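Here's query_32.cif, which has mmCIF, C-alpha atoms:
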data_final
loop_
_atom_site.label_atom_id
_atom_site.label_comp_id
_atom_site.auth_asym_id
_atom_site.auth_seq_id
_atom_site.Cartn_x
_atom_site.Cartn_y
_atom_site.Cartn_z
CA MET A 103 10.30 -5.74 10.78
CA LYS A 104 8.17 -5.83 7.62
CA PRO A 105 6.19 -2.65 8.45
CA PHE A 106 9.45 -0.83 9.22
CA LEU A 107 10.91 -1.84 5.84
CA THR A 108 7.68 -0.78 4.18
CA TYR A 109 7.87 2.70 5.66
CA THR A 110 11.62 3.04 4.96
CA PHE A 111 11.02 2.18 1.30
CA LEU A 112 8.23 4.73 0.98
CA VAL A 113 10.11 7.52 2.77
CA SER A 114 13.16 7.02 0.54
CA THR A 115 10.86 7.11 -2.49
CA LEU A 116 9.24 10.30 -1.27
CA PHE A 117 12.52 12.08 -0.64
CA GLY A 118 13.66 10.97 -4.08
CA PHE A 119 11.17 13.52 -5.46
CA SER A 120 12.17 16.38 -3.19
CA GLN A 121 13.80 19.54 -4.47
CA GLU A 122 14.24 23.00 -3.03
CA LYS A 123 13.05 25.26 -5.87
CA GLN A 124 10.58 27.81 -4.49
CA GLN A 125 8.38 25.19 -2.88
CA THR A 126 5.73 26.03 -0.32
CA SER A 127 4.08 23.86 2.31
CA TYR A 128 0.95 23.61 4.43
CA VAL A 129 -0.47 21.61 7.31
CA ASP A 130 -3.97 20.23 7.76
CA VAL A 131 -5.72 18.87 10.84
CA ASN A 132 -8.82 16.68 10.43
CA TYR A 133 -11.27 15.14 12.87
CA PHE A 134 -12.88 11.91 11.64
CA LYS A 135 -15.60 9.53 12.78
CA GLY A 136 -17.17 6.50 11.11
CA ASN A 137 -17.59 2.74 11.09
CA ILE A 138 -15.49 -0.42 10.95
CA ALA A 139 -16.42 -2.21 7.72
CA LEU A 140 -17.61 -5.81 8.17
CA HIS A 141 -15.35 -7.39 5.54
CA ASN A 142 -15.11 -10.61 7.57
CA ASN A 143 -17.81 -12.06 9.84
CA ASP A 144 -15.12 -13.27 12.23
CA ILE A 145 -14.56 -9.69 13.46
CA LEU A 146 -18.23 -9.00 14.21
CA HIS A 147 -17.57 -9.15 17.96
CA LEU A 148 -14.97 -6.36 17.57
CA ILE A 149 -17.39 -3.81 16.10
CA ASN A 150 -18.90 -2.05 19.10
CA GLY A 151 -19.01 1.64 18.23
CA HIS A 152 -17.98 4.37 15.82
CA PRO A 153 -14.19 4.82 15.56
CA GLU A 154 -12.98 8.41 15.74
CA GLY A 155 -9.68 10.23 15.81
CA VAL A 156 -7.40 12.90 14.40
CA ILE A 157 -5.43 13.08 11.14
CA LEU A 158 -2.47 15.51 11.15
CA SER A 159 -0.55 16.10 7.91
CA TRP A 160 2.36 18.15 6.58
CA ASN A 161 2.37 18.72 2.81
CA LYS A 162 4.89 20.06 0.30
CA LYS A 163 3.51 21.51 -2.94
CA THR A 164 4.94 21.02 -6.43
CA TYR A 165 4.85 23.58 -9.25
CA GLY A 166 6.08 21.74 -12.34
CA PHE A 167 9.85 22.12 -12.03
CA ASN A 168 10.00 18.47 -13.11
CA ASP A 169 7.97 17.07 -16.01
CA TRP A 170 6.33 14.35 -13.88
CA GLU A 171 4.78 17.05 -11.66
CA GLN A 172 3.04 18.58 -14.69
CA ARG A 173 1.89 15.18 -16.00
CA TYR A 174 0.15 14.46 -12.69
CA ASN A 175 -1.37 17.93 -12.23
CA TYR A 176 1.10 19.23 -9.60
CA PRO A 177 0.61 16.79 -6.71
CA ASP A 178 1.65 17.41 -3.10
CA TYR A 179 3.72 15.01 -1.03
CA GLY A 180 4.29 14.76 2.70
CA PHE A 181 3.71 12.90 5.95
CA THR A 182 0.56 12.01 7.90
CA PHE A 183 0.07 11.00 11.53
CA ILE A 184 -3.19 9.36 12.67
CA TYR A 185 -4.52 8.66 16.14
CA GLN A 186 -7.58 6.41 16.12
CA ASP A 187 -9.83 5.23 18.94
CA LEU A 188 -11.34 1.96 17.66
CA LYS A 189 -14.05 2.03 20.37
CA ASN A 190 -13.27 -1.45 21.60
CA GLU A 191 -11.18 -2.40 24.63
CA VAL A 192 -9.93 -5.50 22.84
CA LEU A 193 -8.55 -3.46 19.91
CA GLY A 194 -7.32 -0.41 21.82
CA ASN A 195 -6.23 2.88 20.24
CA ASN A 196 -4.01 2.74 17.15
CA THR A 197 -1.41 5.26 16.00
CA SER A 198 0.17 5.34 12.56
CA LEU A 199 2.63 7.29 10.41
CA TYR A 200 2.56 7.50 6.60
CA ALA A 201 4.31 8.90 3.57
CA HIS A 202 1.60 10.26 1.25
CA TYR A 203 0.78 11.97 -2.04
CA ASN A 204 -2.13 14.29 -2.84
CA PHE A 205 -3.50 14.24 -6.39
CA TYR A 206 -5.94 16.90 -7.67
CA PHE A 207 -9.00 16.87 -9.93
CA PHE A 208 -11.81 19.23 -11.07
CA ASN A 209 -9.78 22.46 -11.12
CA ARG A 210 -7.95 21.36 -7.95
CA ASN A 211 -11.16 21.43 -5.91
CA VAL A 212 -11.09 17.67 -5.25
CA MET A 213 -8.07 16.08 -3.60
CA PHE A 214 -7.27 12.36 -3.48
CA ARG A 215 -4.68 11.43 -0.84
CA ILE A 216 -3.05 8.02 -0.67
CA GLY A 217 -0.55 7.09 2.00
CA GLN A 218 1.33 3.98 3.08
CA GLY A 219 3.16 3.46 6.34
CA ILE A 220 3.33 1.72 9.69
CA GLY A 221 0.79 1.43 12.47
CA TYR A 222 1.13 0.51 16.11
CA THR A 223 -1.50 -1.28 18.16
CA PRO A 224 -0.99 -1.59 21.94
CA LYS A 225 -3.16 -4.71 22.34
CA PRO A 226 -2.39 -7.40 19.73
CA TYR A 227 -3.59 -10.99 20.00
CA ASP A 228 -2.34 -12.93 23.01
CA LYS A 229 -3.60 -16.45 23.64
CA GLU A 230 -3.89 -15.76 27.39
CA THR A 231 -4.53 -12.04 27.90
CA ASN A 232 -6.21 -10.90 24.64
CA TYR A 233 -7.43 -13.95 22.75
CA ARG A 234 -10.46 -12.11 21.31
CA ASN A 235 -8.32 -9.81 19.17
CA ILE A 236 -8.09 -11.82 15.97
CA ALA A 237 -7.66 -8.62 13.92
CA PHE A 238 -4.01 -7.96 14.82
CA GLY A 239 -1.36 -10.58 15.54
CA THR A 240 1.52 -8.12 16.04
CA HIS A 241 2.18 -4.72 17.60
CA LEU A 242 3.53 -3.28 14.33
CA LEU A 243 1.21 -3.23 11.34
CA SER A 244 1.24 -2.20 7.73
CA SER A 245 -1.30 0.59 7.18
CA THR A 246 -2.84 2.24 4.15
CA MET A 247 -4.90 5.42 4.24
CA MET A 248 -6.96 7.08 1.50
CA MET A 249 -8.85 10.34 1.49
CA VAL A 250 -11.20 12.02 -0.99
CA ASN A 251 -11.86 15.62 0.05
CA TYR A 252 -13.47 18.76 -1.32
CA LYS A 253 -10.85 21.37 -0.53
CA LYS A 254 -10.63 25.17 -0.48
CA GLU A 255 -7.43 26.92 0.54
CA ARG A 256 -6.97 30.53 1.72
CA ILE A 257 -10.61 31.24 2.53
CA ILE A 258 -9.50 33.63 5.28
CA ASP A 259 -5.84 34.67 4.93
CA ASN A 260 -3.78 31.46 5.12
CA PHE A 261 -6.64 29.33 6.47
CA GLY A 262 -8.83 26.97 4.45
CA LEU A 263 -11.20 24.02 4.88
CA GLN A 264 -11.57 20.50 3.55
CA ALA A 265 -14.14 17.75 4.08
CA GLY A 266 -14.81 14.30 2.71
CA VAL A 267 -14.38 10.57 3.19
CA SER A 268 -11.38 8.63 4.54
CA LEU A 269 -10.43 4.94 4.60
CA ILE A 270 -7.90 3.59 7.11
CA HIS A 271 -6.66 0.01 6.79
CA TYR A 272 -4.55 -1.93 9.33
CA SER A 273 -3.04 -5.36 8.66
CA ASN A 274 0.23 -7.24 9.15
CA ALA A 275 -0.18 -9.04 5.79
CA ASN A 276 -0.01 -12.48 7.42
CA VAL A 277 3.50 -11.96 8.75
CA LYS A 278 2.02 -13.57 11.89
CA ALA A 279 -1.44 -14.99 12.61
CA PRO A 280 -4.12 -13.98 13.39
CA ASN A 281 -4.60 -11.23 10.86
CA ALA A 282 -8.28 -10.55 10.17
CA SER A 283 -7.38 -6.82 9.82
CA VAL A 284 -9.58 -3.72 10.29
CA ASN A 285 -10.91 -1.23 7.74
CA SER A 286 -12.45 2.03 8.98
CA ILE A 287 -14.65 4.09 6.66
CA THR A 288 -15.09 7.58 8.06
CA LEU A 289 -16.18 11.13 7.39
CA ASN A 290 -13.62 13.85 8.05
CA LEU A 291 -13.63 17.62 8.46
CA GLY A 292 -10.41 19.60 8.56
CA VAL A 293 -8.65 22.96 8.70
CA ILE A 294 -5.80 23.89 6.33
CA TYR A 295 -3.05 26.41 7.10
CA ASN A 296 -0.55 27.55 4.46
CA LEU A 297 2.88 28.19 5.96
CA GLU A 298 3.85 30.79 3.32
CA ASP A 299 1.93 33.91 2.33
CA GLU A 300 2.69 33.70 -1.41
CA GLU A 301 3.12 30.92 -3.94
CA PRO A 302 5.06 30.73 -7.22
CA ALA A 303 3.23 30.28 -10.52
CA TYR A 304 2.72 26.81 -11.95
CA ILE A 305 5.14 25.94 -14.76
CA THR A 306 3.55 24.61 -17.97
CA THR A 307 6.35 23.53 -20.30
CA ILE A 308 4.14 20.57 -21.30
CA ALA A 309 1.19 22.11 -23.13
CA ASP A 310 -2.23 21.33 -21.66
CA GLY A 311 -3.70 18.34 -23.44
CA GLU A 312 -0.57 17.78 -25.52
CA LYS A 313 0.24 14.14 -26.14
CA GLU A 314 3.88 13.42 -25.37
CA THR A 315 5.55 11.10 -27.85
CA PHE A 316 7.36 8.20 -26.26
CA THR A 317 8.64 4.94 -27.73
CA GLN A 318 10.58 2.10 -26.16
CA PRO A 319 11.18 -1.52 -27.25
CA ILE A 320 9.89 -4.48 -25.26
CA LYS A 321 11.84 -4.89 -22.01
CA TYR A 322 12.51 -8.16 -20.18
CA ASN A 323 12.45 -8.30 -16.38
CA VAL A 324 13.70 -10.79 -13.79
CA VAL A 325 12.73 -10.26 -10.12
CA PHE A 326 13.62 -12.14 -6.95
CA ARG A 327 11.24 -11.61 -4.02
CA GLY A 328 11.19 -12.91 -0.48
CA GLY A 329 9.91 -12.48 3.05
CA VAL A 330 8.34 -14.27 6.01
CA ASN A 331 4.72 -15.28 6.58
CA GLU A 332 2.43 -17.69 8.42
CA SER A 333 -0.75 -19.56 7.60
CA ASP A 334 -4.04 -18.66 9.27
CA VAL A 335 -3.50 -21.42 11.83
CA VAL A 336 -2.42 -19.51 14.94
CA GLY A 337 0.86 -20.81 16.30
CA SER A 338 1.77 -22.79 13.17
CA GLY A 339 5.00 -20.81 12.83
CA GLN A 340 6.58 -18.22 10.56
CA PHE A 341 8.49 -19.46 7.52
CA PRO A 342 10.51 -17.79 4.74
CA PHE A 343 9.18 -17.69 1.19
CA TYR A 344 10.89 -17.05 -2.14
CA ILE A 345 9.48 -16.02 -5.51
CA VAL A 346 11.19 -15.89 -8.89
CA SER A 347 9.41 -13.84 -11.55
CA ALA A 348 10.15 -13.29 -15.24
CA TYR A 349 8.09 -11.05 -17.49
CA ALA A 350 8.10 -8.80 -20.52
CA ASP A 351 6.76 -5.24 -20.51
CA LYS A 352 5.91 -2.79 -23.24
CA ARG A 353 5.61 0.97 -22.67
CA ILE A 354 2.42 2.16 -24.35
CA ASN A 355 3.01 5.83 -23.46
CA VAL A 356 5.12 8.02 -21.20
CA LYS A 357 3.12 6.98 -18.12
CA SER A 358 2.20 3.32 -18.61
CA ALA A 359 3.50 -0.13 -19.51
CA LEU A 360 1.69 -3.45 -19.93
CA GLN A 361 3.18 -6.68 -18.56
CA PHE A 362 2.95 -10.41 -19.20
CA GLY A 363 4.93 -13.05 -17.34
CA SER A 364 5.21 -15.90 -14.86
CA ASP A 365 5.91 -16.48 -11.14
CA VAL A 366 7.35 -19.52 -9.36
CA PHE A 367 6.41 -19.59 -5.65
CA PHE A 368 8.36 -21.44 -2.95
CA SER A 369 6.03 -20.89 0.04
CA ASN A 370 7.42 -22.84 2.97
CA PHE A 371 4.45 -22.11 5.24
CA LEU A 372 2.44 -24.39 2.93
CA LYS A 373 4.66 -27.34 3.91
CA GLU A 374 3.50 -27.00 7.51
CA LEU A 375 -0.11 -26.34 6.47
CA ILE A 376 -0.18 -29.45 4.24
CA TYR A 377 1.14 -31.60 7.08
CA TYR A 378 -1.33 -30.05 9.54
CA LYS A 379 -4.28 -30.67 7.22
CA SER A 380 -3.23 -34.27 6.56
CA VAL A 381 -3.06 -35.06 10.29
CA SER A 382 -5.93 -32.98 11.68
CA PHE A 383 -8.56 -33.06 8.91
CA PRO A 384 -8.68 -36.50 7.25
CA GLU A 385 -12.04 -35.61 5.71
CA GLU A 386 -10.25 -33.09 3.44
CA ASN A 387 -8.30 -35.95 1.76
CA VAL A 388 -4.90 -34.28 2.06
CA SER A 389 -2.20 -36.96 1.92
CA GLY A 390 0.66 -34.82 3.21
CA ASN A 391 2.75 -35.48 0.09
CA GLU A 392 1.33 -32.59 -1.94
CA ASP A 393 3.90 -30.22 -3.44
CA TYR A 394 4.09 -26.83 -1.69
CA LYS A 395 5.36 -25.05 -4.82
CA ARG A 396 3.08 -23.14 -7.21
CA VAL A 397 3.52 -21.63 -10.69
CA GLY A 398 1.42 -18.74 -11.98
CA VAL A 399 1.07 -16.63 -15.10
CA PHE A 400 0.00 -12.99 -14.87
CA VAL A 401 -0.83 -9.81 -16.74
CA GLY A 402 -0.06 -6.44 -15.24
CA HIS A 403 0.23 -2.68 -15.52
CA GLU A 404 2.99 -0.33 -14.41
CA LEU A 405 2.33 3.38 -13.83
CA PHE A 406 5.55 5.42 -13.99
CA ILE A 407 5.99 8.47 -11.75
CA ASN A 408 9.55 9.71 -12.12
CA LYS A 409 11.82 6.96 -10.69
CA THR A 410 8.96 5.36 -8.79
CA SER A 411 6.16 3.30 -10.29
CA LEU A 412 2.93 1.68 -9.12
CA GLU A 413 2.58 -1.95 -10.16
CA THR A 414 -0.64 -3.98 -10.34
CA GLN A 415 -0.88 -7.60 -11.50
CA ILE A 416 -3.50 -10.32 -11.66
CA GLY A 417 -2.36 -13.93 -11.93
CA TYR A 418 -3.62 -17.49 -12.29
CA TYR A 419 -1.91 -20.62 -10.95
CA VAL A 420 -1.22 -23.09 -13.77
CA TYR A 421 0.56 -25.47 -11.38
CA TYR A 422 -1.56 -25.79 -8.23
CA PRO A 423 -1.11 -29.10 -6.42
CA PHE A 424 -2.56 -27.92 -3.08
CA ASP A 425 -5.71 -25.83 -2.78
CA PHE A 426 -4.99 -22.62 -0.86
CA GLU A 427 -7.31 -19.59 -1.21
CA GLY A 428 -8.16 -20.22 -4.89
CA ARG A 429 -6.29 -20.19 -8.20
CA THR A 430 -6.27 -16.43 -8.86
CA TYR A 431 -3.98 -13.98 -7.09
CA LEU A 432 -3.31 -10.25 -7.05
CA ARG A 433 -0.15 -8.20 -6.56
CA LEU A 434 -0.04 -4.48 -5.79
CA GLY A 435 2.94 -2.38 -4.81
CA LEU A 436 5.71 0.09 -5.52
CA LYS A 437 8.92 -0.12 -7.53
CA ARG A 438 11.84 2.27 -7.14
CA TYR A 439 14.39 2.41 -9.97
CA ILE A 440 17.91 2.52 -8.54
CA SER A 441 19.35 2.96 -12.03
CA GLU A 442 18.08 2.63 -15.58
CA LYS A 443 18.07 -1.17 -15.24
CA TRP A 444 17.97 -2.10 -11.54
CA PHE A 445 15.00 -1.61 -9.23
CA GLY A 446 13.74 -2.48 -5.76
CA ALA A 447 10.15 -3.54 -5.15
CA LEU A 448 7.77 -3.67 -2.19
CA THR A 449 4.53 -5.47 -3.01
CA LEU A 450 1.52 -7.12 -1.39
CA LYS A 451 0.31 -10.46 -2.72
CA SER A 452 -3.28 -11.42 -1.95
CA HIS A 453 -6.16 -13.64 -2.94
CA GLY A 454 -9.00 -11.16 -3.28
CA ALA A 455 -9.18 -9.18 -0.03
CA LYS A 456 -7.13 -11.80 1.88
CA ALA A 457 -3.42 -10.99 2.10
CA GLU A 458 -0.85 -13.77 1.81
CA ALA A 459 2.45 -11.89 2.12
CA VAL A 460 4.40 -8.64 1.92
CA GLU A 461 7.13 -9.22 -0.68
CA ILE A 462 10.50 -7.45 -0.73
CA GLY A 463 12.22 -7.75 -4.08
CA ILE A 464 15.08 -6.71 -6.31
CA GLY A 465 15.00 -6.93 -10.08
CA VAL A 466 16.58 -6.01 -13.39
CA ARG A 467 14.87 -4.57 -16.48
CA LEU A 468 16.81 -5.37 -19.66
#
Take the structure in this file and express it as structure tokens.
Amino acid sequence: MKPFLTYTFLVSTLFGFSQEKQQTSYVDVNYFKGNIALHNNDILHLINGHPEGVILSWNKKTYGFNDWEQRYNYPDYGFTFIYQDLKNEVLGNNTSLYAHYNFYFFNRNVMFRIGQGIGYTPKPYDKETNYRNIAFGTHLLSSTMMMVNYKKERIIDNFGLQAGVSLIHYSNANVKAPNASVNSITLNLGVIYNLEDEEPAYITTIADGEKETFTQPIKYNVVFRGGVNESDVVGSGQFPFYIVSAYADKRINVKSALQFGSDVFFSNFLKELIYYKSVSFPEENVSGNEDYKRVGVFVGHELFINKTSLETQIGYYVYYPFDFEGRTYLRLGLKRYISEKWFGALTLKSHGAKAEAVEIGIGVRL
């Protein structure tokens, strides 16, 4: 359910940017091959070969009809489908679907694509039939893809080429254990085909290099987040969690705001984990009476793109009665403003590279 909600949130965000003014589109098809990164020694037995596959994308161009398009150098948006052979019978062959954006640099010769969506694996962990697959505990996965390509369009008529490096990440964000996850780092080579013969001119109502003036007083935010997750102990059970956050933010320019605030975590899976540790590992000196709640303070940054923003935060637990994955935590995700004050949020909370939960939230900015 979590990956489906993730993709629904991103698709609605993407279509929130769509408009019909003289836009053009193109498709690109890429072959890729590379390696599974050894981010965790526990998955060493799953790395047998060099994963390969196909990336198929549809892209819509922007030309500056909205100010945000000019601020971000006329990005593209669209959808990507990936088929990947992970070269291991235990892992199988994954498929995935993403909503993505393409951002351009160096006179539009270099493209950075970032996409978020859902993946499907046919062979998740099963204690009887597939117990070696500790990478994926569920059929449906959250997936992130990134691409950095050198790109040339219209080399011959409507055809062009692109080549570069891609990263494909699959994880269920600890919705269910096990969840060691897989990261593939690959090289890709692709063909581009523009679906229209001509393109409109780029609009430049914001002068190149001009600094836009923007002022806004400090805003105060309250967010309620929730979801379901499980500890790393396979079979320990899925439990709901709740998070209440309060923070202040200050816009420093038209694109960015800085944040400072606090989180209170009610993570019910820790109740079960505390009990399990107290019974099964007496050498760890866990009494079983430790509080499962945690309180953190954080600083963050919000990058505004029209009604959608990218949020990054780093926090530190000031109330930490039970040791779980260390005292620092990270949060990364998207916010979509429903109105001037109300917003929805979809974020990933982790401790370093280890995910704890996908958080679904609603908040108000006053």
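Counting from atom CA of A:Tyr349, the distance to atom CA of A:Arg467 is 9.4 Å.
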Residues returned when the PyMOL selection byres ((chain A and resi 412-419) around 10) runs on this file, as number ranges by chain: A: 358-367, 396-407, 410-411, 420-423, 428-438, 447-453
Residues selected by the PyMOL selection byres ((chain A and resi 170) around 12), written as an NGL selection string: :A and (119 or 164-169 or 171-177 or 305-308 or 314 or 356-357 or 405-411)
Written file, previous selection with C-alpha atoms, as a PDB file, in the frame of the given file:
ATOM      1  CA  PHE A 119      11.170  13.520  -5.460  1.00  0.00           C
ATOM      2  CA  THR A 164       4.940  21.020  -6.430  1.00  0.00           C
ATOM      3  CA  TYR A 165       4.850  23.580  -9.250  1.00  0.00           C
ATOM      4  CA  GLY A 166       6.080  21.740 -12.340  1.00  0.00           C
ATOM      5  CA  PHE A 167       9.850  22.120 -12.030  1.00  0.00           C
ATOM      6  CA  ASN A 168      10.000  18.470 -13.110  1.00  0.00           C
ATOM      7  CA  ASP A 169       7.970  17.070 -16.010  1.00  0.00           C
ATOM      8  CA  GLU A 171       4.780  17.050 -11.660  1.00  0.00           C
ATOM      9  CA  GLN A 172       3.040  18.580 -14.690  1.00  0.00           C
ATOM     10  CA  ARG A 173       1.890  15.180 -16.000  1.00  0.00           C
ATOM     11  CA  TYR A 174       0.150  14.460 -12.690  1.00  0.00           C
ATOM     12  CA  ASN A 175      -1.370  17.930 -12.230  1.00  0.00           C
ATOM     13  CA  TYR A 176       1.100  19.230  -9.600  1.00  0.00           C
ATOM     14  CA  PRO A 177       0.610  16.790  -6.710  1.00  0.00           C
ATOM     15  CA  ILE A 305       5.140  25.940 -14.760  1.00  0.00           C
ATOM     16  CA  THR A 306       3.550  24.610 -17.970  1.00  0.00           C
ATOM     17  CA  THR A 307       6.350  23.530 -20.300  1.00  0.00           C
ATOM     18  CA  ILE A 308       4.140  20.570 -21.300  1.00  0.00           C
ATOM     19  CA  GLU A 314       3.880  13.420 -25.370  1.00  0.00           C
ATOM     20  CA  VAL A 356       5.120   8.020 -21.200  1.00  0.00           C
ATOM     21  CA  LYS A 357       3.120   6.980 -18.120  1.00  0.00           C
ATOM     22  CA  LEU A 405       2.330   3.380 -13.830  1.00  0.00           C
ATOM     23  CA  PHE A 406       5.550   5.420 -13.990  1.00  0.00           C
ATOM     24  CA  ILE A 407       5.990   8.470 -11.750  1.00  0.00           C
ATOM     25  CA  ASN A 408       9.550   9.710 -12.120  1.00  0.00           C
ATOM     26  CA  LYS A 409      11.820   6.960 -10.690  1.00  0.00           C
ATOM     27  CA  THR A 410       8.960   5.360  -8.790  1.00  0.00           C
ATOM     28  CA  SER A 411       6.160   3.300 -10.290  1.00  0.00           C
TER      29      SER A 411
END
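Among the candidates A:Asn274, A:Asn195, A:Gln264, A:Ser380, the residue lying nearest to A:Val131 is A:Gln264 (atoms considered: all atoms listed in the file).
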Counting all atoms listed in the file, what is within 6 Å of A:Tyr133, bar same-chain residues fewer than 2 positions away, as a PDB file with C-alpha atoms, in the frame of the given file?
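The result, stored in selection.pdb:
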ATOM      1  CA  GLY A 155      -9.680  10.230  15.810  1.00  0.00           C
ATOM      2  CA  VAL A 156      -7.400  12.900  14.400  1.00  0.00           C
ATOM      3  CA  ASN A 290     -13.620  13.850   8.050  1.00  0.00           C
ATOM      4  CA  LEU A 291     -13.630  17.620   8.460  1.00  0.00           C
TER       5      LEU A 291
END
Between atom CA of A:Gly221 and atom CA of A:Ser244, distance in Å (one decimal):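 Atom-to-atom, atom CA of A:Gly221 to atom CA of A:Ser244, that is 6.0 Å.
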Selection under test: the PyMOL selection byres ((chain A and resi 275) around 8); residues as JSON, numbers by chain: {"A": [244, 273, 274, 276, 277, 278, 281, 331, 450, 457, 458, 459, 460]}
If you keep C-alpha atoms, can you produce a file of those selected residues as a PDB file, in the coordinates of the input?
ATOM      1  CA  SER A 244       1.240  -2.200   7.730  1.00  0.00           C
ATOM      2  CA  SER A 273      -3.040  -5.360   8.660  1.00  0.00           C
ATOM      3  CA  ASN A 274       0.230  -7.240   9.150  1.00  0.00           C
ATOM      4  CA  ASN A 276      -0.010 -12.480   7.420  1.00  0.00           C
ATOM      5  CA  VAL A 277       3.500 -11.960   8.750  1.00  0.00           C
ATOM      6  CA  LYS A 278       2.020 -13.570  11.890  1.00  0.00           C
ATOM      7  CA  ASN A 281      -4.600 -11.230  10.860  1.00  0.00           C
ATOM      8  CA  ASN A 331       4.720 -15.280   6.580  1.00  0.00           C
ATOM      9  CA  LEU A 450       1.520  -7.120  -1.390  1.00  0.00           C
ATOM     10  CA  ALA A 457      -3.420 -10.990   2.100  1.00  0.00           C
ATOM     11  CA  GLU A 458      -0.850 -13.770   1.810  1.00  0.00           C
ATOM     12  CA  ALA A 459       2.450 -11.890   2.120  1.00  0.00           C
ATOM     13  CA  VAL A 460       4.400  -8.640   1.920  1.00  0.00           C
TER      14      VAL A 460
END
Atomic distance atom CA of A:Ile157 - atom CA of A:Gly262, expressed in Å with one decimal: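 Atom CA of A:Gly262 lies at a distance of 15.8 Å from atom CA of A:Ile157.
For the choices A:Ala350, A:Leu372, A:Ile464, A:Ile270, the atom-to-atom distance to A:Lys321 is smallest for A:Ala350 when using all atoms listed in the file.
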Tell me, as a PDB file with C-alpha atoms, in the frame of the given file, which residues lie within 7 Å of A:Asn137, counting all atoms listed in the file; anything in the same chain fewer than 4 positions away does not count.
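Result file around.pdb:
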ATOM      1  CA  HIS A 152     -17.980   4.370  15.820  1.00  0.00           C
ATOM      2  CA  PRO A 153     -14.190   4.820  15.560  1.00  0.00           C
ATOM      3  CA  SER A 286     -12.450   2.030   8.980  1.00  0.00           C
ATOM      4  CA  ILE A 287     -14.650   4.090   6.660  1.00  0.00           C
ATOM      5  CA  THR A 288     -15.090   7.580   8.060  1.00  0.00           C
TER       6      THR A 288
END
Residues within 12 Å of (0.7, 12.9, 7.7), file coords, all atoms listed in the file, listed as a PyMOL selection string: chain A and resi 113+128-132+156-162+178-185+197-204+215-220+246-249
Nearest candidate to A:Ile320 (options A:Ile462, A:Val212, A:Ala139, A:Ile354; using only C-alpha atoms): A:Ile354
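Here the question is which of A:Ser283, A:Ser347, A:Ser389, A:Gln318 gets nearest to A:Asn142 using only C-alpha atoms, and that residue is A:Ser283.
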Which residue of A:Leu289, A:Leu140, A:Val192, A:Leu375 approaches A:Gln340 most closely, using all atoms listed in the file: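 Using all atoms listed in the file, the shortest distance to A:Gln340 belongs to A:Leu375.
Nearest to A:Thr315 of all the residues A:Ser333, A:Asn296, A:Asn355, A:Ser268 is A:Asn355, counting all atoms listed in the file.
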Selection as a PyMOL selection string: residues within 6 Å of (11.6, -12.7, -17.3), counting all atoms listed in the file: chain A and resi 322-324+348-349
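Every protein, DNA or RNA residue with an atom at most 7 Å from A:Val284, where only C-alpha atoms count and chain neighbours fewer than 2 positions away do not, is listed here: Ile138, Ala237, His271, Tyr272, Ser273, Ala282 and Ser286 of chain A.
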Given the selection you just returned, output its residues as a file containing C-alpha atoms, formatted as an mmCIF file, in the coordinates of the input.
data_model
loop_
_atom_site.group_PDB
_atom_site.id
_atom_site.type_symbol
_atom_site.label_atom_id
_atom_site.label_comp_id
_atom_site.auth_asym_id
_atom_site.auth_seq_id
_atom_site.Cartn_x
_atom_site.Cartn_y
_atom_site.Cartn_z
ATOM 1 C CA ILE A 138 -15.490 -0.420 10.950
ATOM 2 C CA ALA A 237 -7.660 -8.620 13.920
ATOM 3 C CA HIS A 271 -6.660 0.010 6.790
ATOM 4 C CA TYR A 272 -4.550 -1.930 9.330
ATOM 5 C CA SER A 273 -3.040 -5.360 8.660
ATOM 6 C CA ALA A 282 -8.280 -10.550 10.170
ATOM 7 C CA SER A 286 -12.450 2.030 8.980
#
Residue neighbourhood A:Gly151, 10 Å, only C-alpha atoms, exclusion window fewer than 5 positions, as a ChimeraX atom specification: /A:136-138,187-190
Around stretch 281-288 of chain A, with edges along x, y and z and 3 Å added on all six sides, what centre and edge lengths do you get, in Å to one decimal, as AutoDock Vina command-line options?
--center_x -9.8 --center_y -1.8 --center_z 8.8 --size_x 16.5 --size_y 24.8 --size_z 10.2
